[in-house]
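Have a look at target-v2.cif; it's mmCIF, C-alpha atoms:
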data_structure
#
loop_
_atom_site.label_atom_id
_atom_site.label_comp_id
_atom_site.auth_asym_id
_atom_site.auth_seq_id
_atom_site.Cartn_x
_atom_site.Cartn_y
_atom_site.Cartn_z
CA VAL N 1 0.00 0.00 0.00
CA ASN N 2 1.63 3.25 -1.18
CA TYR N 3 -1.30 5.62 -1.68
CA CYS N 4 -4.64 6.34 -0.03
CA SER N 5 -7.55 4.80 -1.94
CA GLU N 6 -9.79 7.67 -0.82
CA CYS N 7 -7.68 10.78 -1.52
CA ALA N 8 -4.51 9.46 -3.27
CA GLY N 9 -2.38 10.94 -0.47
CA PRO N 10 0.82 9.20 0.67
CA VAL N 11 0.35 6.32 3.10
CA ARG N 12 2.76 5.25 5.81
CA LEU N 13 2.97 2.33 8.21
CA THR N 14 2.36 3.47 11.78
CA VAL N 15 0.57 2.35 14.94
CA PRO N 16 -2.65 4.44 15.13
CA PRO N 17 -3.60 5.95 18.52
CA GLY N 18 -5.25 3.31 20.69
CA ASP N 19 -4.15 0.50 18.38
CA THR N 20 -1.51 -2.14 19.05
CA LEU N 21 -0.30 -3.01 15.53
CA PRO N 22 1.15 -0.98 12.66
CA ARG N 23 -1.40 -0.09 9.97
CA HIS N 24 -1.25 1.77 6.71
CA VAL N 25 -2.46 5.30 7.52
CA CYS N 26 -2.99 8.20 5.11
CA ASP N 27 -0.92 11.25 6.00
CA ALA N 28 -3.47 13.54 4.36
CA CYS N 29 -6.93 12.28 5.43
CA GLU N 30 -5.82 10.01 8.32
CA ARG N 31 -7.84 7.08 7.03
CA VAL N 32 -6.58 3.74 8.37
CA PHE N 33 -6.33 0.73 6.05
CA TYR N 34 -6.76 -2.54 7.88
CA GLU N 35 -5.70 -5.83 6.34
CA ASN N 36 -7.31 -8.96 7.68
CA PRO N 37 -7.43 -12.65 6.78
CA LYS N 38 -9.74 -13.75 3.99
CA VAL N 39 -12.22 -16.60 4.28
CA VAL N 40 -12.09 -19.49 1.80
CA VAL N 41 -15.37 -21.43 1.74
CA GLY N 42 -16.09 -24.74 0.11
CA THR N 43 -17.46 -28.23 0.43
CA LEU N 44 -16.44 -31.84 0.68
CA PRO N 45 -19.13 -33.26 -1.65
CA VAL N 46 -20.10 -36.89 -1.15
CA TRP N 47 -21.97 -39.19 -3.55
CA GLU N 48 -22.63 -42.68 -2.16
CA ASP N 49 -19.18 -43.96 -1.11
CA ARG N 50 -17.25 -41.42 -3.14
CA ILE N 51 -15.82 -37.92 -2.66
CA LEU N 52 -15.70 -35.24 -5.34
CA LEU N 53 -12.23 -33.87 -6.07
CA CYS N 54 -11.32 -31.14 -8.56
CA LYS N 55 -8.06 -31.04 -10.53
CA ARG N 56 -6.87 -27.45 -10.67
CA ALA N 57 -6.64 -25.80 -14.09
CA ILE N 58 -4.98 -22.66 -12.67
CA GLU N 59 -2.03 -21.66 -10.54
CA PRO N 60 -1.21 -21.99 -7.74
CA ARG N 61 -0.92 -25.77 -7.68
CA LEU N 62 -2.05 -26.33 -11.24
CA GLY N 63 -2.68 -30.02 -11.85
CA TYR N 64 -3.11 -30.85 -8.16
CA TRP N 65 -6.35 -31.95 -6.58
CA THR N 66 -8.53 -29.82 -4.37
CA LEU N 67 -12.02 -29.57 -2.93
CA PRO N 68 -14.35 -27.04 -4.58
CA SER N 69 -13.71 -23.81 -2.67
CA GLY N 70 -12.82 -20.16 -3.09
CA PHE N 71 -12.93 -16.73 -1.54
CA MET N 72 -16.11 -15.82 0.30
CA GLU N 73 -17.71 -12.71 -1.20
CA ASN N 74 -19.24 -9.71 0.49
CA GLY N 75 -23.00 -10.03 0.91
CA GLU N 76 -23.16 -13.79 1.28
CA THR N 77 -23.27 -16.20 4.22
CA LEU N 78 -20.74 -18.99 4.77
CA GLU N 79 -23.31 -21.48 3.49
CA GLU N 80 -24.16 -19.45 0.38
CA GLY N 81 -20.48 -19.00 -0.43
CA ALA N 82 -19.74 -22.70 -0.03
CA ILE N 83 -22.58 -23.68 -2.38
CA ARG N 84 -21.65 -20.98 -4.92
CA GLU N 85 -18.02 -22.04 -5.05
CA THR N 86 -19.01 -25.70 -5.38
CA ILE N 87 -21.17 -24.87 -8.39
CA GLU N 88 -18.56 -22.57 -9.95
CA GLU N 89 -15.70 -25.04 -9.66
CA SER N 90 -17.39 -28.40 -10.13
CA GLY N 91 -20.97 -27.89 -11.24
CA ALA N 92 -22.04 -30.27 -8.46
CA ASP N 93 -25.57 -29.86 -7.11
CA VAL N 94 -25.11 -30.17 -3.35
CA GLU N 95 -27.00 -29.75 -0.12
CA LEU N 96 -24.94 -28.89 2.93
CA ILE N 97 -24.93 -31.45 5.73
CA ARG N 98 -22.97 -29.51 8.36
CA PRO N 99 -19.91 -27.31 8.86
CA PHE N 100 -17.06 -29.82 8.92
CA ALA N 101 -13.67 -28.14 9.30
CA GLY N 102 -11.92 -24.85 9.89
CA PHE N 103 -8.29 -24.36 8.96
CA SER N 104 -6.09 -21.29 9.53
CA ILE N 105 -3.19 -20.66 7.17
CA THR N 106 -1.21 -17.86 8.74
CA GLN N 107 1.38 -17.71 5.95
CA VAL N 108 -1.20 -16.47 3.46
CA ASN N 109 -3.73 -14.97 5.90
CA GLN N 110 -6.54 -17.31 4.97
CA VAL N 111 -9.16 -19.21 6.96
CA TYR N 112 -10.78 -22.21 5.28
CA VAL N 113 -14.33 -23.15 6.26
CA LEU N 114 -15.39 -26.43 4.69
CA PHE N 115 -18.82 -28.03 4.79
CA LEU N 116 -19.69 -31.68 4.42
CA ALA N 117 -22.19 -31.86 1.56
CA ARG N 118 -24.36 -34.43 -0.17
CA MET N 119 -24.54 -34.48 -3.95
CA ARG N 120 -28.12 -34.69 -5.19
CA HIS N 121 -26.90 -36.61 -8.24
CA PRO N 122 -23.43 -37.57 -9.52
CA GLY N 123 -23.38 -35.05 -12.38
CA VAL N 124 -20.55 -32.54 -12.62
CA ALA N 125 -19.73 -29.63 -14.93
CA PRO N 126 -16.23 -28.27 -14.21
CA GLY N 127 -15.78 -24.51 -14.42
CA PRO N 128 -12.83 -22.66 -15.96
CA GLU N 129 -10.65 -23.11 -12.87
CA THR N 130 -11.07 -26.89 -12.91
CA GLU N 131 -9.48 -29.28 -15.41
CA THR N 132 -11.62 -32.18 -14.31
CA ALA N 133 -13.92 -33.11 -11.42
CA ARG N 134 -13.86 -36.74 -10.35
CA LEU N 135 -15.65 -38.93 -7.82
CA VAL N 136 -13.12 -41.06 -5.96
CA THR N 137 -13.35 -43.68 -3.23
CA GLU N 138 -11.32 -43.20 -0.06
CA ALA N 139 -8.76 -45.69 -1.35
CA GLU N 140 -8.35 -43.64 -4.51
CA ILE N 141 -7.57 -40.29 -2.81
CA PRO N 142 -4.31 -39.08 -4.42
CA TRP N 143 -2.67 -38.02 -1.15
CA ALA N 144 0.61 -37.01 -2.80
CA GLU N 145 -1.20 -34.79 -5.27
CA ILE N 146 -3.43 -32.76 -2.98
CA ALA N 147 -3.15 -29.04 -3.68
CA PHE N 148 -3.36 -27.51 -0.20
CA ARG N 149 -2.88 -28.49 3.42
CA ALA N 150 -6.38 -27.38 4.35
CA VAL N 151 -7.76 -29.80 1.76
CA ALA N 152 -5.54 -32.65 2.98
CA PHE N 153 -6.63 -31.92 6.56
CA CYS N 154 -10.30 -32.03 5.61
CA LEU N 155 -9.93 -35.27 3.64
CA GLU N 156 -7.92 -36.88 6.42
CA ARG N 157 -10.55 -35.91 8.99
CA PHE N 158 -13.26 -37.25 6.69
CA VAL N 159 -11.53 -40.60 6.29
CA HIS N 160 -10.74 -41.02 9.99
CA ALA N 161 -13.42 -39.10 11.87
CA ARG N 162 -16.33 -38.30 9.59
CA ASP N 163 -18.91 -39.28 12.20
CA ASP N 164 -17.35 -37.12 14.88
CA ALA N 165 -19.89 -34.31 15.17
CA THR N 166 -17.40 -31.67 16.27
CA PHE N 167 -16.07 -29.04 13.92
CA HIS N 168 -12.52 -30.12 13.07
CA LEU N 169 -10.00 -27.38 13.58
CA GLY N 170 -6.51 -27.24 12.15
CA ALA N 171 -3.78 -24.82 11.19
CA ALA N 172 -0.66 -24.54 9.07
CA GLU N 173 1.36 -22.17 11.17
CA ARG N 174 4.86 -23.19 10.26
CA GLY N 175 6.59 -24.48 7.18
CA PRO N 176 5.42 -24.18 3.58
CA GLU N 177 1.79 -23.57 2.89
CA ARG N 178 1.53 -26.55 0.58
CA PRO N 179 1.70 -30.16 1.77
CA VAL W 1 -12.25 3.23 -3.42
CA ASN W 2 -11.29 6.12 -5.70
CA TYR W 3 -7.57 5.67 -6.28
CA CYS W 4 -5.13 2.80 -6.72
CA SER W 5 -3.18 2.08 -3.52
CA GLU W 6 -0.19 0.96 -5.63
CA CYS W 7 0.15 3.73 -8.24
CA ALA W 8 -2.45 6.38 -7.22
CA GLY W 9 -4.14 5.99 -10.63
CA PRO W 10 -7.93 6.34 -10.97
CA VAL W 11 -9.95 3.26 -10.06
CA ARG W 12 -13.25 2.22 -11.59
CA LEU W 13 -15.80 -0.47 -10.84
CA THR W 14 -15.83 -3.12 -13.56
CA VAL W 15 -16.08 -6.88 -14.00
CA PRO W 16 -12.52 -8.12 -14.67
CA PRO W 17 -12.01 -10.70 -17.45
CA GLY W 18 -12.91 -14.17 -16.20
CA ASP W 19 -14.61 -12.77 -13.10
CA THR W 20 -18.33 -12.67 -12.33
CA LEU W 21 -18.63 -9.66 -10.03
CA PRO W 22 -17.70 -5.98 -10.37
CA ARG W 23 -14.40 -5.10 -8.68
CA HIS W 24 -12.43 -1.92 -8.23
CA VAL W 25 -9.79 -2.00 -10.97
CA CYS W 26 -6.98 0.50 -11.59
CA ASP W 27 -7.13 2.04 -15.05
CA ALA W 28 -3.37 2.63 -15.03
CA CYS W 29 -1.76 -0.54 -13.61
CA GLU W 30 -4.81 -2.88 -13.91
CA ARG W 31 -4.50 -4.04 -10.33
CA VAL W 32 -7.77 -5.50 -8.99
CA PHE W 33 -8.92 -4.63 -5.45
CA TYR W 34 -11.01 -7.36 -3.92
CA GLU W 35 -13.19 -6.74 -0.88
CA ASN W 36 -14.15 -9.72 1.22
CA PRO W 37 -15.84 -10.37 4.56
CA LYS W 38 -13.82 -9.95 7.73
CA VAL W 39 -13.62 -12.54 10.49
CA VAL W 40 -14.56 -11.58 14.05
CA VAL W 41 -13.13 -14.05 16.58
CA GLY W 42 -13.93 -14.38 20.24
CA THR W 43 -14.96 -16.58 23.11
CA LEU W 44 -17.84 -17.44 25.36
CA PRO W 45 -15.86 -17.69 28.62
CA VAL W 46 -17.31 -19.86 31.37
CA TRP W 47 -16.43 -19.89 35.07
CA GLU W 48 -18.33 -22.51 37.10
CA ASP W 49 -22.02 -21.79 36.38
CA ARG W 50 -21.42 -18.31 35.02
CA ILE W 51 -20.68 -16.67 31.67
CA LEU W 52 -18.41 -13.67 31.17
CA LEU W 53 -20.07 -10.70 29.47
CA CYS W 54 -18.44 -7.38 28.57
CA LYS W 55 -20.25 -4.02 28.61
CA ARG W 56 -19.09 -2.02 25.61
CA ALA W 57 -17.26 1.26 26.28
CA ILE W 58 -17.22 2.20 22.58
CA GLU W 59 -19.57 2.60 19.65
CA PRO W 60 -21.27 0.84 18.03
CA ARG W 61 -23.64 -0.33 20.74
CA LEU W 62 -21.96 1.52 23.57
CA GLY W 63 -23.37 0.35 26.91
CA TYR W 64 -24.68 -2.94 25.52
CA TRP W 65 -23.32 -6.35 26.45
CA THR W 66 -21.15 -8.49 24.27
CA LEU W 67 -18.80 -11.46 24.34
CA PRO W 68 -15.09 -10.66 24.12
CA SER W 69 -14.35 -10.63 20.39
CA GLY W 70 -12.84 -8.56 17.62
CA PHE W 71 -11.31 -8.62 14.16
CA MET W 72 -8.95 -11.47 13.41
CA GLU W 73 -5.51 -10.17 12.46
CA ASN W 74 -3.18 -11.28 9.70
CA GLY W 75 -0.62 -13.81 10.88
CA GLU W 76 -2.74 -15.48 13.55
CA THR W 77 -4.94 -18.57 13.70
CA LEU W 78 -8.61 -18.52 14.69
CA GLU W 79 -7.64 -19.87 18.11
CA GLU W 80 -4.88 -17.31 18.64
CA GLY W 81 -7.17 -14.47 17.62
CA ALA W 82 -9.95 -15.63 19.94
CA ILE W 83 -7.60 -15.79 22.93
CA ARG W 84 -5.97 -12.43 22.08
CA GLU W 85 -9.32 -10.65 21.81
CA THR W 86 -10.51 -12.22 25.05
CA ILE W 87 -7.44 -10.90 26.86
CA GLU W 88 -7.65 -7.46 25.22
CA GLU W 89 -11.31 -6.91 26.01
CA SER W 90 -11.76 -8.66 29.33
CA GLY W 91 -8.38 -9.69 30.71
CA ALA W 92 -9.79 -13.18 31.23
CA ASP W 93 -7.29 -16.04 31.25
CA VAL W 94 -9.01 -18.72 29.16
CA GLU W 95 -8.35 -22.06 27.58
CA LEU W 96 -10.41 -22.89 24.52
CA ILE W 97 -12.74 -25.88 24.82
CA ARG W 98 -13.96 -26.09 21.21
CA PRO W 99 -15.22 -23.99 18.32
CA PHE W 100 -18.84 -23.29 19.27
CA ALA W 101 -20.60 -21.09 16.71
CA GLY W 102 -20.26 -19.41 13.35
CA PHE W 103 -22.47 -16.51 12.37
CA SER W 104 -22.60 -14.65 9.04
CA ILE W 105 -23.71 -11.02 9.01
CA THR W 106 -24.16 -10.13 5.37
CA GLN W 107 -25.17 -6.52 6.06
CA VAL W 108 -21.70 -5.67 7.38
CA ASN W 109 -19.70 -8.42 5.65
CA GLN W 110 -18.57 -10.11 8.83
CA VAL W 111 -18.27 -13.72 9.93
CA TYR W 112 -18.18 -14.40 13.66
CA VAL W 113 -16.33 -17.46 14.92
CA LEU W 114 -16.86 -18.00 18.62
CA PHE W 115 -15.18 -20.56 20.86
CA LEU W 116 -16.44 -22.03 24.09
CA ALA W 117 -13.73 -21.33 26.67
CA ARG W 118 -12.97 -22.15 30.29
CA MET W 119 -11.68 -19.43 32.57
CA ARG W 120 -8.67 -20.59 34.58
CA HIS W 121 -9.72 -18.27 37.40
CA PRO W 122 -12.51 -15.68 37.78
CA GLY W 123 -10.24 -12.64 37.52
CA VAL W 124 -10.90 -10.00 34.87
CA ALA W 125 -9.16 -6.80 33.77
CA PRO W 126 -11.29 -4.90 31.22
CA GLY W 127 -9.44 -3.21 28.38
CA PRO W 128 -10.17 0.26 26.96
CA GLU W 129 -13.07 -1.00 24.81
CA THR W 130 -14.86 -2.50 27.81
CA GLU W 131 -16.64 -0.55 30.56
CA THR W 132 -16.99 -3.57 32.77
CA ALA W 133 -16.67 -7.36 32.52
CA ARG W 134 -19.09 -9.38 34.62
CA LEU W 135 -19.75 -13.04 35.36
CA VAL W 136 -23.48 -13.75 35.09
CA THR W 137 -25.64 -16.81 35.55
CA GLU W 138 -27.92 -17.90 32.71
CA ALA W 139 -30.88 -16.33 34.53
CA GLU W 140 -29.03 -13.03 34.68
CA ILE W 141 -28.27 -12.73 30.92
CA PRO W 142 -29.58 -9.26 29.92
CA TRP W 143 -31.27 -10.43 26.70
CA ALA W 144 -32.68 -6.99 25.88
CA GLU W 145 -29.26 -5.39 26.21
CA ILE W 146 -27.14 -7.68 24.07
CA ALA W 147 -25.03 -5.73 21.59
CA PHE W 148 -25.13 -7.93 18.50
CA ARG W 149 -27.18 -10.70 16.98
CA ALA W 150 -24.18 -13.00 16.72
CA VAL W 151 -23.68 -12.66 20.46
CA ALA W 152 -27.36 -13.31 21.20
CA PHE W 153 -27.23 -16.36 18.92
CA CYS W 154 -24.20 -17.76 20.71
CA LEU W 155 -25.69 -17.17 24.17
CA GLU W 156 -29.00 -18.68 23.12
CA ARG W 157 -27.25 -21.77 21.73
CA PHE W 158 -25.22 -22.03 24.93
CA VAL W 159 -28.30 -21.90 27.13
CA HIS W 160 -30.31 -24.37 25.05
CA ALA W 161 -27.77 -26.63 23.36
CA ARG W 162 -24.39 -26.29 24.99
CA ASP W 163 -23.80 -30.04 25.04
CA ASP W 164 -24.62 -30.43 21.37
CA ALA W 165 -21.18 -31.13 19.90
CA THR W 166 -21.94 -29.65 16.49
CA PHE W 167 -20.73 -26.23 15.46
CA HIS W 168 -23.77 -23.96 15.65
CA LEU W 169 -24.32 -21.98 12.49
CA GLY W 170 -26.44 -18.89 12.11
CA ALA W 171 -26.87 -15.81 9.99
CA ALA W 172 -28.42 -12.35 10.03
CA GLU W 173 -29.30 -11.95 6.40
CA ARG W 174 -32.27 -9.67 6.60
CA GLY W 175 -33.31 -6.82 8.81
CA PRO W 176 -31.12 -4.64 10.98
CA GLU W 177 -27.78 -5.95 12.08
CA ARG W 178 -28.54 -5.34 15.73
CA PRO W 179 -31.11 -7.32 17.71
#

Go ahead and express the file in the form of structure tokens.
Amino acid sequence: VNYCSECAGPVRLTVPPGDTLPRHVCDACERVFYENPKVVVGTLPVWEDRILLCKRAIEPRLGYWTLPSGFMENGETLEEGAIRETIEESGADVELIRPFAGFSITQVNQVYVLFLARMRHPGVAPGPETETARLVTEAEIPWAEIAFRAVAFCLERFVHARDDATFHLGAAERGPERP
Amino acid sequence: VNYCSECAGPVRLTVPPGDTLPRHVCDACERVFYENPKVVVGTLPVWEDRILLCKRAIEPRLGYWTLPSGFMENGETLEEGAIRETIEESGADVELIRPFAGFSITQVNQVYVLFLARMRHPGVAPGPETETARLVTEAEIPWAEIAFRAVAFCLERFVHARDDATFHLGAAERGPERP
């Protein structure tokens, strides 16, 4: 951040009065620009004994497998965002079962919120960010080719503790963001 | 958003190529400025048969009661943010029990994530945003003076379904943000 988005004045990093962390503050109009983590919402879609995975058609992690998910938008709920991203990335027609996992990724300032979901039918229609969407059994999960730690965490929890009603919580605090 | 924070060029609202929603885009350097919901993290602190509530010393909702919570910061996990906000607002020394509730507030583009927490001792030390922090029994909850819907939702779920292991999910999609 170099300039103020309101008045185009110069911005500097300083701790505002009453605050505890440095923020970008406009020298001219004194507006403070906060930066906070973004929420990534998505689903773990299930059809019979299979899970829907999406092969990424874009960077980062092009060619690796993920769960349908993406940035939550202003004006929508967690549930609405999860369903929208599932449709956009996979075309799957899902109903949410319950919130399943939360995962903090401090390196990139993201919080994943993933829902367990039931596919109403096995049809898919991958969007532009997805090379292919495929239903796989647990034994077929390509563990070495999973795109992100949050996705691996969610799949691992599904395989080992899907009937545990608690919301599974994890974090990638140290080391590389990718598994 | 009027100006680009990178180059101070003029910004206009347009749907970028491959996107589906209008974004603020810089005419000069083509940088896209995304706006997404912010996460509010906090706790429902419990000491014996009592809950810790904080009376707000600041607007909005000055003088109304809330749970210790605030904006999640970059570089921290959900858990770290919840504990930090609890200390900042109430001084309570808590250990998290489990993630308890998620609440989307589309009107203000916020997502609350609240943890059930155990106070290690009943001591409090309200911060500058809190007029007073008080331990109340369920019967003493001032329902008409609760600051925010997300807080009322969390308290209501605690009173009626605290032993339900699922993550309680709610939303304020319509009507005023405040109860």

>> Would you pick out the contacts of Val108 of chain W at 9 Å or less, using all atoms listed in the file, so that residues sharing its chain but fewer than 3 positions from it are not included, and give the list as a ChimeraX atom specification?
In response: /N:74-75 /W:37-38,105,177

> How would you write, as number ranges by chain, the residues chosen by the PyMOL selection byres ((chain N and resi 2) around 8) on this structure?
Replying inline: N: 1, 3-4, 10-12; W: 5-8

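The gap separating atom CA of Arg31 of chain N from atom CA of Pro17 of chain N is 12.3 Å, in Å to one decimal.
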
>> Report, in Å with one decimal, the straight-line distance from atom CA of Gly70 of chain N to atom CA of Val39 of chain N.
In response: 8.2 Å

> N:Gly127, N:Pro122, N:Pro45, N:Gly170: which is nearest Thr106 of chain N, counting only C-alpha atoms?
Replying inline: N:Gly170

>> Taking all atoms listed in the file into account, name the residue in W:Met119, W:Val113, W:Leu135, W:Val25 that is nearest to Ala171 of chain W.
In response: W:Val113

> Given the choices N:Gly42, N:Gly9, N:Gly123, N:Pro68, which gets closest to Ala101 of chain N if the distance is worked out from all atoms listed in the file?
Replying inline: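 Looking at the shortest contact to Ala101 of chain N, the residue is N:Gly42.
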
>> Restricting the calculation to all atoms listed in the file: of N:Asp93, N:Glu145, N:Asp163, N:Glu35, which residue gets closest to chain W?
In response: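 Answer, going by the shortest atom-to-atom distance: N:Glu35.
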
>> Evaluated on this file, the PyMOL selection byres ((chain N and resi 102) around 12) picks out some residues - which ones are they, written as JSON, numbers by chain?
In response: {"N": [39, 40, 41, 42, 43, 78, 99, 100, 101, 103, 104, 105, 110, 111, 112, 113, 114, 115, 116, 149, 150, 151, 153, 154, 157, 166, 167, 168, 169, 170, 171, 172], "W": [77, 78, 79, 98, 99, 100, 101, 102, 113, 167]}

>> Once the PyMOL selection byres ((chain W and resi 59) around 12) is applied to the coordinates I shared, what remains selected? I want it as a list of chain:residue names.
In response: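 Taken on the displayed file, the PyMOL selection byres ((chain W and resi 59) around 12) yields the residues W:Lys55, W:Arg56, W:Ala57, W:Ile58, W:Pro60, W:Arg61, W:Leu62, W:Gly63, W:Tyr64, W:Trp65, W:Glu129, W:Thr130, W:Glu131, W:Ala147, W:Phe148.
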
Restricting the output to C-alpha atoms, write the selected residues as a CSV table (one decimal), in the coordinates of the input.
chain,number,residue,atom,x,y,z
W,55,LYS,CA,-20.2,-4.0,28.6
W,56,ARG,CA,-19.1,-2.0,25.6
W,57,ALA,CA,-17.3,1.3,26.3
W,58,ILE,CA,-17.2,2.2,22.6
W,60,PRO,CA,-21.3,0.8,18.0
W,61,ARG,CA,-23.6,-0.3,20.7
W,62,LEU,CA,-22.0,1.5,23.6
W,63,GLY,CA,-23.4,0.4,26.9
W,64,TYR,CA,-24.7,-2.9,25.5
W,65,TRP,CA,-23.3,-6.4,26.4
W,129,GLU,CA,-13.1,-1.0,24.8
W,130,THR,CA,-14.9,-2.5,27.8
W,131,GLU,CA,-16.6,-0.6,30.6
W,147,ALA,CA,-25.0,-5.7,21.6
W,148,PHE,CA,-25.1,-7.9,18.5

> Which value, in Å to one decimal, gives the distance between atom CA of Trp143 of chain W and atom CA of Ile97 of chain W?
Replying inline: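 Spanning atom CA of Trp143 of chain W to atom CA of Ile97 of chain W is a straight-line distance of 24.2 Å.
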
As a compact mmCIF listing (two decimals), in the coordinates of the input, the rebuilt segment 48-65 of chain N with N, CA and C atoms:
# COMPACT_ATOMS: atom_id res chain seq x y z
N GLU N 48 -22.74 -41.28 -2.60
CA GLU N 48 -22.63 -42.68 -2.16
C GLU N 48 -21.31 -42.88 -1.39
N ASP N 49 -20.43 -43.75 -1.86
CA ASP N 49 -19.18 -43.96 -1.11
C ASP N 49 -18.01 -43.19 -1.72
N ARG N 50 -18.33 -42.15 -2.48
CA ARG N 50 -17.25 -41.42 -3.14
C ARG N 50 -17.25 -39.93 -2.81
N ILE N 51 -16.07 -39.34 -2.96
CA ILE N 51 -15.82 -37.92 -2.66
C ILE N 51 -15.51 -37.22 -3.98
N LEU N 52 -15.98 -35.99 -4.12
CA LEU N 52 -15.70 -35.24 -5.34
C LEU N 52 -14.44 -34.40 -5.19
N LEU N 53 -13.45 -34.68 -6.04
CA LEU N 53 -12.23 -33.87 -6.07
C LEU N 53 -12.14 -33.13 -7.40
N CYS N 54 -11.48 -31.97 -7.36
CA CYS N 54 -11.32 -31.14 -8.56
C CYS N 54 -9.83 -30.99 -8.86
N LYS N 55 -9.45 -31.23 -10.10
CA LYS N 55 -8.06 -31.04 -10.53
C LYS N 55 -7.92 -29.60 -11.01
N ARG N 56 -6.98 -28.88 -10.41
CA ARG N 56 -6.87 -27.45 -10.67
C ARG N 56 -6.35 -27.14 -12.08
N ALA N 57 -7.04 -26.22 -12.75
CA ALA N 57 -6.64 -25.80 -14.09
C ALA N 57 -5.88 -24.48 -14.04
N ILE N 58 -5.65 -23.95 -12.83
CA ILE N 58 -4.98 -22.66 -12.67
C ILE N 58 -3.92 -22.74 -11.58
N GLU N 59 -2.99 -21.79 -11.63
CA GLU N 59 -2.03 -21.66 -10.54
C GLU N 59 -2.71 -20.94 -9.38
N PRO N 60 -2.29 -21.07 -8.13
CA PRO N 60 -1.21 -21.99 -7.74
C PRO N 60 -1.67 -23.45 -7.73
N ARG N 61 -0.67 -24.33 -7.78
CA ARG N 61 -0.92 -25.77 -7.68
C ARG N 61 -1.73 -26.32 -8.84
N LEU N 62 -1.44 -25.81 -10.02
CA LEU N 62 -2.05 -26.33 -11.24
C LEU N 62 -1.79 -27.83 -11.35
N GLY N 63 -2.84 -28.58 -11.68
CA GLY N 63 -2.68 -30.02 -11.85
C GLY N 63 -2.84 -30.83 -10.58
N TYR N 64 -2.90 -30.15 -9.43
CA TYR N 64 -3.11 -30.85 -8.16
C TYR N 64 -4.61 -30.87 -7.83
N TRP N 65 -4.93 -31.73 -6.90
CA TRP N 65 -6.35 -31.95 -6.58
C TRP N 65 -6.79 -31.14 -5.36
